[in-house]
Every structure is written in structure tokens, then in C-alpha cells.
Amino acid sequence: LQGSYNSQTAYDGNIGFLIGTLPNPSLRWEKTTTWEVGADVSFFQNRLNLNMTYYNRLTDDKYASLILPSTTGFSSVTNNNGQLRNRGFELEISGKIIQKRDFSWSGSANITYNKNTIVSLPDNELERNRQSATEVYVPGSYNPSTGKSETMWVGGYQEGQEPGAIIGYRVVKLAHSASDFPTGYKNTTTNYFGYTQYGPDEWDKYIAAGGNSAKAVQLVPGDLIYEDINGDGIIDQYDQVVLGHALPHWTGGFNTTLTWKGFSVYGRFDFALGHHIANGLANDFYWYMGCMQGTYNMPTDVWDTVSDLNPDGKYPRYTWADQFGACNYYRQSSFTVNDGSYLAVRELSLSYSVPARIMEKIRGKKLELSVTGQNLGYITKATKVFSPEQGGSIGTTYPLPRILLFGANLTF
């Protein structure tokens with residue numbers, strides 16, 4: 001609302017202050033309107049309970065960063081930026097599955113489907129009032145006679161679409177030999193220095209034509225080959241696709257308790273389905289595999305990269321500063337974007353209550369012993385990530401710690 005100022009070194013070493021965050025005195029509270037319909041149903045004298053709910057939530061005047069032209073001197077300003085709709089379905093079921101004298105089994109489970117849709121955005125005279133979207137080719141749209149292709153806009157924020165799209169290049173294969181590269185393969189998406197990358201035959205043509213080998217990159221076995229979306233024979237910035245979404249559509253969990261005489265076993269699990277994780281940023285697995293810092297230790301997985309001694313390696317070749325070369329790890333692609341779906345083992349607990357007849361002998365009322373494990377791990381397709389719960393881009397946050405608890409509860 002008020003913005004902020006940052007100190008800056010001004011003329012002749014004097015300290016001055018400049019606006020760091022633009023103020024917006026017209027900022028308003030977000031407003032949310034929700035309606036839902038549901039049902040609660042019980043069966044078998046409340047041994048089985050079912051809850052169903054459909055909800056539709058509309059948020060007006062949502063907070064968002066409005067991207068500003070660089071000529072303003074600022075990148076963005078926080079404002080009330082359109083409408084967002086969340087709608088979905090929730091289902092919860094619980095019950096006493098088995099109820100005997102010495103044995104019982106109870107449990108509950110829930111699952112939710114949610115989808116977010118951008119309803120409206122401030123009018124910026126662009127199609128669907130898009131913000132921060134990416135222009136990509138329409139598949140197979142290249143016209144040889146005109147040398148042109150059709151394009152469309154994906155991702156970012158667009159009216160009628162879902163936010164959180166992850167954009168990148170689709171990998172065709174990891175080259176294990178020079179023959180794996182298509183004839184005429186050339187990648188103009190460039191690397192950190194802006195150098196074009198050439199497949200084997202295109203590299204020979206480039207050098208024969210007097211090209212500067214220090215200002216280009218020769219692609220060799222161990223490099224990734226990307227899909228040519230429009231079919232023009234060249235990989236460029238428009239040959240990107242939607243690789244997934246950062247937010248899961250399905251979430252839920254379940255827990256169960258089994259008791260037998262004095263023993264009790266409890267388990268709690270939760271899951272998320274349908275989201276993706278983009279690796280390749282600072283301090284994650286692909287950052288180290290690409291040796292992008294140059295001074296960090298390497299993972300042991302480098303022994304499984306493609307090399308002369310390991311031509312059938314699982315990972316692209318290991319080189320110093322991948323961002324200066326082929327960008328196998330530095331470029332966001334289907335190789336660095338993983339399916340983030342997971343099942344989390346959130347808690348497992350085993351407890352035992354000492355029989356009353358034994359407690360009477362030591363003049364006690366109750367003694368319960370227990371051992372509990374929390375955050376024990378994930379069953380997931382996501383590879384080389386500390387936590388699949390963080391959809392979208394992996395940051396530098398800490399993973400949840402595994403905890404092992406021993407307990408004794410004695411009552412006299």
C-alpha cells in the first residue's frame with residue numbers, strides 16, 4: 001500500500017534513497033464470494049459416514065503483480081488484478097470397518113478435485129488480456145512456401161485459462177551417437193553467451209563457411225535433442241510447449257487405526273496428483289549436474305553421464321558450466337520437469353497398553369508405551385528432489401525433517 005524506499009550510493013559517495021517498491025494508495029481488500037452444496041449421509045447406525053460437497057468460489061480484486069514497461073524504471077506494481085475462480089468437489093468417508101471384542105479397524109479418507117480459472121484481468125488490449133504469457137508455435141504449422149509459422153500464446157495469466165503452466169522444450173532423446181541427431185539439426189535458442197548450437201552435419205557446414213568455432217557450440221553425443229514443434233528444421237524459442245502445471249488438481253489423504261488387545265497401530269498418509277516440478281534452478285540436482293557454479297562438489301550421478309567410457313549413460317554429458325555450452329541442464333525441458341504426484345507417509349505409530357492386572361501389581365493405573373515416525377518419506381515419480389510437495393520451480397527451502405519419537409505415559 002505504502003511502497004518502500006531503499007538506500008543507494010549517490011553522487012560522490014553520498015547516500016541517498018530511491019523508491020524500491022511502488023506505492024498503490026488505491027489498493028483494495030480482496031473480496032470472495034462462495035456458494036456450495038453438499039450432503040452428509042450415515043449408514044449402519046453411523047458405522048459408515050459420507051460427506052460430499054461441491055464448491056464454487058469467486059475472488060474479486062485479487063492481489064497480483066502487474067508487469068510494467070521497463071521504461072517506467074520499475075518491473076511491477078502490486079494492484080487489484082481481476083477475478084479468479086476456484087471450484088471443485090470434496091469427498092470424505094469414514095467408518096468402523098471391523099468392530100470385535102479384541103480387534104477393531106477404523107479409518108477415514110478424503111479426496112478433493114480443484115481447478116483454478118482466471119475469469120478476468122485488467123484490459124491491456126491484448127488477446128484474453130494476457131500477462132507474462134509465452135509465444136509458441138502451433139504444432140506442424142510451418143509453410144515452406146512462405147517460410148512462416150503460426151503461433152499462439154500459452155502460460156502466464158490469460159482469461160479463461162488455468163494459471164501455473166510450466167513452459168519448456170520437449171526432449172526427443174538423449175543422443176548416444178552422432179547418428180542420433182536429425183539431418184540439419186540446429187538450435188538457435190542459444191546459451192548464456194547467445195551462441196547457436198549445431199548438430200554434426202550443420203557444424204561441418206558452419207566451419208566450412210568460415211564460422212568462428214569460439215562463437216558457436218558443437219553438439220555431440222551426450223547432448224539432448226529437442227522436438228521441432230512447427231517442423232521448420234530449426235529449434236528456436238518458439239518451439240516450447242506446456243510441460244505441466246505447478247498446482248495439483250487432486251489432493252487428499254487417509255488414516256487408519258488397528259487395535260488388537262493392548263496393541264494399536266496408526267497410520268496417516270496424504271497425496272497429490274497431477275502437478276509437475278521444474279528442476280534446473282540454483283541449488284538443486286540439475287544445477288550440480290550442470291556444474292553451473294563451478295566450485296561445488298558433484299553428485300555421484302555424474303558417473304552415469306554419457307562419456308567415451310560410458311556411451312549409454314542415463315544423463316547428458318558432464319562439463320564445466322553447462323550454461324556456457326549445450327545447456328542440457330540449464331534449459332528448462334521435459335528432462336528437467338518431473339511429474340510431482342506423490343503419496344506421503346506422514347505418520348506411523350505403534351503403541352501398547354500394559355494390562356490392568358499387571359499395573360495393579362505395581363500400584364499403577366495405566367502405562368502406555370509408543371514409538372512414532374513422522375515424515376517418513378514419499379512414494380513418487382519425481383526424481384532427485386527433496387520434496388515433491390513443492391510444485392512449480394524448486395527453491396532453496398528446507399525439506400521436512402524425519403522424526404522418530406519414543407513415548408511412555410504412566411498414570412498412578
# chains A, B, ... in the order shown; residues from 1 in each chain; ligands from 1
$ residues_around --residues "stretch 130-137 of chain A" --least-positions-apart "3" --cutoff "10 Å" --atoms "only C-alpha atoms" --output "NGL selection string"
:A and (65-67 or 120-127 or 140-142 or 149-159 or 161 or 165 or 167-168 or 228-231 or 236-242)
$ write_last_selection --atoms "N, CA, C and O atoms" --output "short mmCIF file (atom, residue, chain, number, x, y, z; two decimals), in the first residue's frame"
data_model
loop_
_atom_site.label_atom_id
_atom_site.label_comp_id
_atom_site.auth_asym_id
_atom_site.auth_seq_id
_atom_site.Cartn_x
_atom_site.Cartn_y
_atom_site.Cartn_z
N SER A 65 0.91 -8.97 -9.08
CA SER A 65 1.91 -8.03 -9.58
C SER A 65 1.60 -7.70 -11.03
O SER A 65 1.58 -8.60 -11.88
N LEU A 66 1.35 -6.45 -11.32
CA LEU A 66 1.11 -6.02 -12.69
C LEU A 66 2.45 -5.64 -13.32
O LEU A 66 3.16 -4.76 -12.81
N ILE A 67 2.83 -6.34 -14.38
CA ILE A 67 4.10 -6.09 -15.05
C ILE A 67 4.07 -4.73 -15.73
O ILE A 67 3.12 -4.39 -16.44
N SER A 120 -11.21 -12.80 -15.19
CA SER A 120 -10.99 -11.52 -15.86
C SER A 120 -9.68 -10.91 -15.39
O SER A 120 -9.22 -11.16 -14.27
N LEU A 121 -9.10 -10.10 -16.27
CA LEU A 121 -7.86 -9.37 -15.99
C LEU A 121 -8.03 -7.93 -16.47
O LEU A 121 -8.90 -7.65 -17.31
N PRO A 122 -7.21 -7.02 -15.97
CA PRO A 122 -7.31 -5.63 -16.44
C PRO A 122 -7.12 -5.54 -17.95
O PRO A 122 -6.30 -6.27 -18.53
N ASP A 123 -7.87 -4.70 -18.58
CA ASP A 123 -7.81 -4.54 -20.04
C ASP A 123 -6.45 -3.98 -20.44
O ASP A 123 -6.06 -2.89 -20.03
N ASN A 124 -5.70 -4.76 -21.23
CA ASN A 124 -4.40 -4.28 -21.72
C ASN A 124 -4.32 -4.34 -23.24
O ASN A 124 -3.24 -4.28 -23.82
N GLU A 125 -5.50 -4.50 -23.89
CA GLU A 125 -5.63 -4.51 -25.35
C GLU A 125 -4.95 -5.71 -26.00
O GLU A 125 -4.69 -5.72 -27.19
N LEU A 126 -4.64 -6.75 -25.21
CA LEU A 126 -4.09 -7.98 -25.75
C LEU A 126 -5.16 -9.07 -25.70
O LEU A 126 -6.11 -8.98 -24.93
N GLU A 127 -5.01 -10.10 -26.52
CA GLU A 127 -5.96 -11.21 -26.53
C GLU A 127 -6.04 -11.84 -25.15
O GLU A 127 -5.02 -12.15 -24.53
N GLY A 140 3.20 -28.23 -36.22
CA GLY A 140 3.14 -28.54 -37.65
C GLY A 140 2.67 -27.40 -38.52
O GLY A 140 2.16 -27.64 -39.62
N SER A 141 2.85 -26.15 -38.09
CA SER A 141 2.29 -25.01 -38.82
C SER A 141 3.24 -24.39 -39.84
O SER A 141 2.89 -23.41 -40.50
N TYR A 142 4.46 -24.93 -40.00
CA TYR A 142 5.42 -24.31 -40.92
C TYR A 142 4.98 -24.46 -42.36
O TYR A 142 4.60 -25.54 -42.82
N SER A 149 5.37 -19.57 -39.82
CA SER A 149 4.61 -20.50 -38.99
C SER A 149 3.59 -19.72 -38.17
O SER A 149 3.78 -18.54 -37.86
N GLU A 150 2.50 -20.41 -37.81
CA GLU A 150 1.51 -19.81 -36.92
C GLU A 150 1.97 -19.96 -35.47
O GLU A 150 2.63 -20.93 -35.10
N THR A 151 1.60 -18.96 -34.64
CA THR A 151 1.96 -19.01 -33.23
C THR A 151 0.73 -18.81 -32.36
O THR A 151 -0.32 -18.35 -32.83
N MET A 152 0.87 -19.16 -31.11
CA MET A 152 -0.18 -18.94 -30.12
C MET A 152 0.49 -18.62 -28.79
O MET A 152 1.71 -18.78 -28.62
N TRP A 153 -0.31 -18.15 -27.84
CA TRP A 153 0.22 -17.75 -26.53
C TRP A 153 -0.25 -18.74 -25.47
O TRP A 153 -1.43 -19.06 -25.39
N VAL A 154 0.70 -19.21 -24.66
CA VAL A 154 0.37 -20.17 -23.61
C VAL A 154 0.99 -19.70 -22.29
O VAL A 154 1.92 -18.90 -22.26
N GLY A 155 0.44 -20.22 -21.20
CA GLY A 155 1.00 -19.94 -19.88
C GLY A 155 0.75 -18.53 -19.42
O GLY A 155 -0.09 -17.80 -19.97
N GLY A 156 1.45 -18.14 -18.37
CA GLY A 156 1.25 -16.82 -17.79
C GLY A 156 -0.15 -16.71 -17.20
O GLY A 156 -0.69 -17.66 -16.63
N TYR A 157 -0.76 -15.55 -17.40
CA TYR A 157 -2.13 -15.31 -16.93
C TYR A 157 -2.97 -14.88 -18.11
O TYR A 157 -2.68 -13.87 -18.76
N GLN A 158 -4.02 -15.67 -18.40
CA GLN A 158 -4.91 -15.36 -19.50
C GLN A 158 -6.34 -15.67 -19.08
O GLN A 158 -6.60 -16.68 -18.41
N GLU A 159 -7.26 -14.82 -19.50
CA GLU A 159 -8.67 -15.03 -19.17
C GLU A 159 -9.16 -16.36 -19.73
O GLU A 159 -8.86 -16.71 -20.88
N GLN A 161 -8.24 -19.28 -18.75
CA GLN A 161 -7.27 -20.34 -18.66
C GLN A 161 -6.82 -20.55 -17.21
O GLN A 161 -7.06 -19.72 -16.34
N ALA A 165 1.03 -22.76 -15.54
CA ALA A 165 1.59 -23.62 -16.58
C ALA A 165 3.11 -23.54 -16.56
O ALA A 165 3.70 -22.48 -16.37
N ILE A 167 6.38 -24.00 -18.83
CA ILE A 167 6.71 -23.95 -20.25
C ILE A 167 8.16 -24.40 -20.46
O ILE A 167 9.05 -24.03 -19.70
N GLY A 168 8.39 -25.20 -21.49
CA GLY A 168 9.75 -25.62 -21.80
C GLY A 168 9.80 -26.42 -23.09
O GLY A 168 8.80 -26.53 -23.82
N ASP A 228 11.14 -30.42 -32.76
CA ASP A 228 10.88 -29.30 -33.66
C ASP A 228 9.36 -29.18 -33.82
O ASP A 228 8.76 -29.89 -34.63
N ILE A 229 8.73 -28.31 -33.06
CA ILE A 229 7.27 -28.27 -32.96
C ILE A 229 6.61 -27.88 -34.28
O ILE A 229 5.62 -28.49 -34.70
N ASN A 230 7.13 -26.86 -34.96
CA ASN A 230 6.46 -26.40 -36.18
C ASN A 230 6.97 -27.09 -37.44
O ASN A 230 6.37 -26.95 -38.51
N GLY A 231 8.07 -27.82 -37.34
CA GLY A 231 8.57 -28.58 -38.48
C GLY A 231 9.40 -27.79 -39.46
O GLY A 231 9.51 -28.20 -40.63
N ASP A 236 14.02 -23.13 -32.05
CA ASP A 236 14.18 -21.76 -31.57
C ASP A 236 13.27 -21.55 -30.36
O ASP A 236 12.66 -22.49 -29.85
N GLN A 237 13.20 -20.31 -29.89
CA GLN A 237 12.47 -20.02 -28.65
C GLN A 237 10.98 -20.31 -28.73
O GLN A 237 10.30 -20.46 -27.71
N TYR A 238 10.43 -20.43 -29.96
CA TYR A 238 9.00 -20.69 -30.12
C TYR A 238 8.67 -22.18 -30.13
O TYR A 238 7.50 -22.55 -30.17
N ASP A 239 9.70 -23.03 -30.09
CA ASP A 239 9.49 -24.47 -30.08
C ASP A 239 9.29 -25.00 -28.66
O ASP A 239 9.74 -26.09 -28.33
N GLN A 240 8.58 -24.25 -27.86
CA GLN A 240 8.29 -24.66 -26.50
C GLN A 240 6.83 -25.14 -26.40
O GLN A 240 6.00 -24.80 -27.25
N VAL A 241 6.55 -25.90 -25.36
CA VAL A 241 5.21 -26.43 -25.14
C VAL A 241 4.89 -26.34 -23.65
O VAL A 241 5.75 -26.04 -22.82
N VAL A 242 3.64 -26.60 -23.32
CA VAL A 242 3.24 -26.68 -21.91
C VAL A 242 3.61 -28.08 -21.41
O VAL A 242 3.10 -29.09 -21.89
#
$ select_by_dssp --residues "stretch 9-256 of chain A" --states "helix (DSSP H, G or I)" --output "list in words"
Tyr11, Asp12, Gly13, Ser70, Thr71, Thr72, Glu127, Arg128, Asn129, Ala178, Ser179, Asp180, Pro200, Asp201, Glu202, Trp203, Asp204, Lys205, Tyr206, Ile207, Ala208, Ser213, Ala214 and Lys215 of chain A
$ write_last_selection --atoms "C-alpha atoms" --output "PDB file, in the first residue's frame"
ATOM      1  CA  TYR A  11      26.955  11.187  -6.269  1.00  0.00           C
ATOM      2  CA  ASP A  12      30.483  11.378  -4.780  1.00  0.00           C
ATOM      3  CA  GLY A  13      29.846   8.573  -2.279  1.00  0.00           C
ATOM      4  CA  SER A  70      10.925  -1.192 -18.401  1.00  0.00           C
ATOM      5  CA  THR A  71      10.749   2.478 -19.386  1.00  0.00           C
ATOM      6  CA  THR A  72       8.967   3.184 -16.081  1.00  0.00           C
ATOM      7  CA  GLU A 127      -5.956 -11.205 -26.533  1.00  0.00           C
ATOM      8  CA  ARG A 128      -7.516 -12.554 -23.316  1.00  0.00           C
ATOM      9  CA  ASN A 129      -5.771  -9.619 -21.589  1.00  0.00           C
ATOM     10  CA  ALA A 178      26.324 -38.717 -33.799  1.00  0.00           C
ATOM     11  CA  SER A 179      23.777 -40.605 -35.926  1.00  0.00           C
ATOM     12  CA  ASP A 180      21.049 -39.805 -33.357  1.00  0.00           C
ATOM     13  CA  PRO A 200      27.210 -32.729 -36.515  1.00  0.00           C
ATOM     14  CA  ASP A 201      26.433 -32.029 -40.191  1.00  0.00           C
ATOM     15  CA  GLU A 202      25.430 -28.401 -39.575  1.00  0.00           C
ATOM     16  CA  TRP A 203      28.652 -27.864 -37.619  1.00  0.00           C
ATOM     17  CA  ASP A 204      30.714 -29.013 -40.606  1.00  0.00           C
ATOM     18  CA  LYS A 205      28.818 -26.576 -42.852  1.00  0.00           C
ATOM     19  CA  TYR A 206      29.272 -23.765 -40.349  1.00  0.00           C
ATOM     20  CA  ILE A 207      33.025 -24.270 -40.102  1.00  0.00           C
ATOM     21  CA  ALA A 208      33.412 -24.729 -43.879  1.00  0.00           C
ATOM     22  CA  SER A 213      34.190 -22.092 -33.577  1.00  0.00           C
ATOM     23  CA  ALA A 214      34.676 -19.970 -30.441  1.00  0.00           C
ATOM     24  CA  LYS A 215      31.321 -18.268 -31.041  1.00  0.00           C
TER      25      LYS A 215
END
$ atom_distance --atom1 "atom CA of A:Asn56" --atom2 "atom CA of A:Asn80"
20.6 Å
$ atom_distance --atom1 "atom CA of A:Gly88" --atom2 "atom CA of A:Thr256"
25.6 Å
$ closest_residue --among "A:Leu405, A:Ala326, A:Ala272, A:Leu58" --to "A:Tyr342" --atoms "only C-alpha atoms"
A:Ala272
$ select_by_dssp --residues "stretch 23-267 of chain A" --states "strand (DSSP E)" --output "JSON, numbers by chain"
{"A": [31, 32, 33, 34, 35, 36, 37, 38, 39, 40, 41, 42, 43, 48, 49, 50, 51, 52, 53, 54, 55, 56, 57, 58, 59, 60, 63, 64, 65, 66, 67, 76, 77, 78, 79, 80, 83, 84, 85, 86, 87, 88, 89, 90, 91, 92, 93, 94, 95, 96, 97, 98, 99, 103, 104, 105, 106, 107, 108, 109, 110, 111, 112, 113, 114, 115, 116, 117, 118, 119, 120, 134, 135, 136, 137, 151, 152, 153, 154, 165, 166, 167, 168, 171, 172, 173, 174, 186, 187, 196, 197, 198, 216, 217, 218, 224, 225, 226, 234, 235, 241, 242, 243, 244, 245, 250, 251, 252, 253, 254, 255, 256, 257, 258, 259, 260, 263, 264, 265, 266, 267]}
$ write_last_selection --atoms "C-alpha atoms" --output "compact mmCIF listing (two decimals), in the first residue's frame"
# COMPACT_ATOMS: atom_id res chain seq x y z
CA LYS A 31 -13.42 -9.99 -1.82
CA THR A 32 -14.50 -13.64 -2.02
CA THR A 33 -17.97 -14.97 -2.77
CA THR A 34 -18.55 -18.67 -2.17
CA TRP A 35 -21.50 -20.97 -2.64
CA GLU A 36 -21.55 -24.68 -2.08
CA VAL A 37 -23.93 -27.60 -1.90
CA GLY A 38 -23.31 -30.83 -0.02
CA ALA A 39 -24.72 -33.83 1.74
CA ASP A 40 -23.91 -35.78 4.90
CA VAL A 41 -25.03 -39.39 4.90
CA SER A 42 -24.64 -42.13 7.52
CA PHE A 43 -25.23 -45.88 7.23
CA LEU A 48 -20.15 -45.56 7.85
CA ASN A 49 -20.26 -41.81 7.24
CA LEU A 50 -20.09 -39.99 3.91
CA ASN A 51 -19.69 -36.27 3.23
CA MET A 52 -19.90 -34.74 -0.27
CA THR A 53 -19.51 -31.07 -1.18
CA TYR A 54 -19.34 -29.09 -4.42
CA TYR A 55 -17.99 -25.55 -4.08
CA ASN A 56 -17.63 -22.53 -6.36
CA ARG A 57 -15.53 -19.63 -5.10
CA LEU A 58 -15.03 -16.31 -6.93
CA THR A 59 -12.34 -13.88 -5.77
CA ASP A 60 -12.61 -10.25 -6.91
CA TYR A 63 -3.74 -9.17 -5.34
CA ALA A 64 -1.17 -9.63 -8.11
CA SER A 65 1.91 -8.03 -9.58
CA LEU A 66 1.11 -6.02 -12.69
CA ILE A 67 4.10 -6.09 -15.05
CA SER A 76 5.92 -4.34 -11.44
CA VAL A 77 3.42 -2.88 -9.01
CA THR A 78 1.01 -4.70 -6.68
CA ASN A 79 -2.60 -3.99 -7.56
CA ASN A 80 -6.10 -5.46 -7.61
CA GLN A 83 -11.03 -12.21 -10.85
CA LEU A 84 -10.05 -15.80 -10.04
CA ARG A 85 -12.44 -18.76 -9.71
CA ASN A 86 -11.78 -21.90 -7.68
CA ARG A 87 -14.24 -24.72 -7.99
CA GLY A 88 -14.20 -28.36 -7.20
CA PHE A 89 -15.59 -31.34 -5.40
CA GLU A 90 -14.75 -32.77 -1.97
CA LEU A 91 -15.50 -36.29 -0.79
CA GLU A 92 -14.86 -37.65 2.70
CA ILE A 93 -15.64 -41.12 4.01
CA SER A 94 -15.06 -42.57 7.47
CA GLY A 95 -16.15 -45.66 9.27
CA LYS A 96 -15.61 -48.54 11.65
CA ILE A 97 -14.67 -51.33 9.30
CA ILE A 98 -14.38 -54.10 11.92
CA GLN A 99 -15.62 -53.92 15.49
CA PHE A 103 -9.91 -56.44 17.43
CA SER A 104 -11.09 -53.27 15.71
CA TRP A 105 -10.25 -51.45 12.50
CA SER A 106 -11.38 -47.92 11.69
CA GLY A 107 -10.33 -45.42 9.08
CA SER A 108 -11.19 -42.31 7.10
CA ALA A 109 -10.24 -40.89 3.72
CA ASN A 110 -10.82 -37.71 1.75
CA ILE A 111 -10.16 -36.54 -1.78
CA THR A 112 -10.61 -33.14 -3.40
CA TYR A 113 -10.60 -32.06 -7.03
CA ASN A 114 -9.92 -28.36 -7.56
CA LYS A 115 -9.43 -26.26 -10.66
CA ASN A 116 -8.46 -22.59 -10.80
CA THR A 117 -9.61 -20.41 -13.69
CA ILE A 118 -8.80 -16.79 -14.41
CA VAL A 119 -12.12 -15.05 -15.03
CA SER A 120 -10.99 -11.52 -15.86
CA THR A 134 4.85 -17.25 -23.81
CA GLU A 135 4.51 -17.22 -27.60
CA VAL A 136 4.94 -20.69 -29.13
CA TYR A 137 4.41 -22.39 -32.46
CA THR A 151 1.96 -19.01 -33.23
CA MET A 152 -0.18 -18.94 -30.12
CA TRP A 153 0.22 -17.75 -26.53
CA VAL A 154 0.37 -20.17 -23.61
CA ALA A 165 1.59 -23.62 -16.58
CA ILE A 166 5.22 -24.78 -16.85
CA ILE A 167 6.71 -23.95 -20.25
CA GLY A 168 9.75 -25.62 -21.80
CA VAL A 171 13.07 -33.74 -25.38
CA VAL A 172 13.02 -36.28 -28.23
CA LYS A 173 16.00 -38.25 -26.98
CA LEU A 174 19.43 -38.10 -25.38
CA LYS A 186 20.35 -26.56 -35.37
CA ASN A 187 19.34 -24.95 -32.08
CA THR A 196 23.93 -21.00 -31.66
CA GLN A 197 24.25 -24.78 -31.28
CA TYR A 198 24.88 -27.02 -34.30
CA ALA A 216 29.19 -21.40 -31.51
CA VAL A 217 28.56 -24.74 -29.82
CA GLN A 218 29.15 -28.12 -31.43
CA LEU A 224 19.77 -33.55 -25.64
CA ILE A 225 17.75 -33.38 -28.85
CA TYR A 226 14.57 -31.29 -28.72
CA ILE A 234 15.31 -25.38 -36.55
CA ILE A 235 14.86 -25.29 -32.78
CA VAL A 241 5.21 -26.43 -25.14
CA VAL A 242 3.24 -26.68 -21.91
CA LEU A 243 5.03 -29.42 -19.95
CA GLY A 244 2.66 -29.44 -16.98
CA HIS A 245 1.19 -27.33 -14.20
CA TRP A 250 -6.26 -33.88 -6.92
CA THR A 251 -5.33 -33.80 -3.23
CA GLY A 252 -6.37 -35.87 -0.27
CA GLY A 253 -5.35 -38.26 2.44
CA PHE A 254 -6.36 -41.19 4.56
CA ASN A 255 -5.67 -42.60 8.01
CA THR A 256 -6.35 -45.91 9.68
CA THR A 257 -6.19 -47.40 13.17
CA LEU A 258 -5.98 -51.09 14.05
CA THR A 259 -6.19 -52.36 17.62
CA TRP A 260 -5.70 -55.84 18.98
CA PHE A 263 -1.68 -53.09 20.77
CA SER A 264 -2.60 -50.21 18.47
CA VAL A 265 -1.23 -49.29 15.04
CA TYR A 266 -1.98 -45.90 13.49
CA GLY A 267 -1.06 -44.65 10.02
$ closest_residue --among "A:Ser177, A:Gln293, A:Asn81, A:Thr9" --to "A:Gly313" --atoms "only C-alpha atoms"
A:Ser177
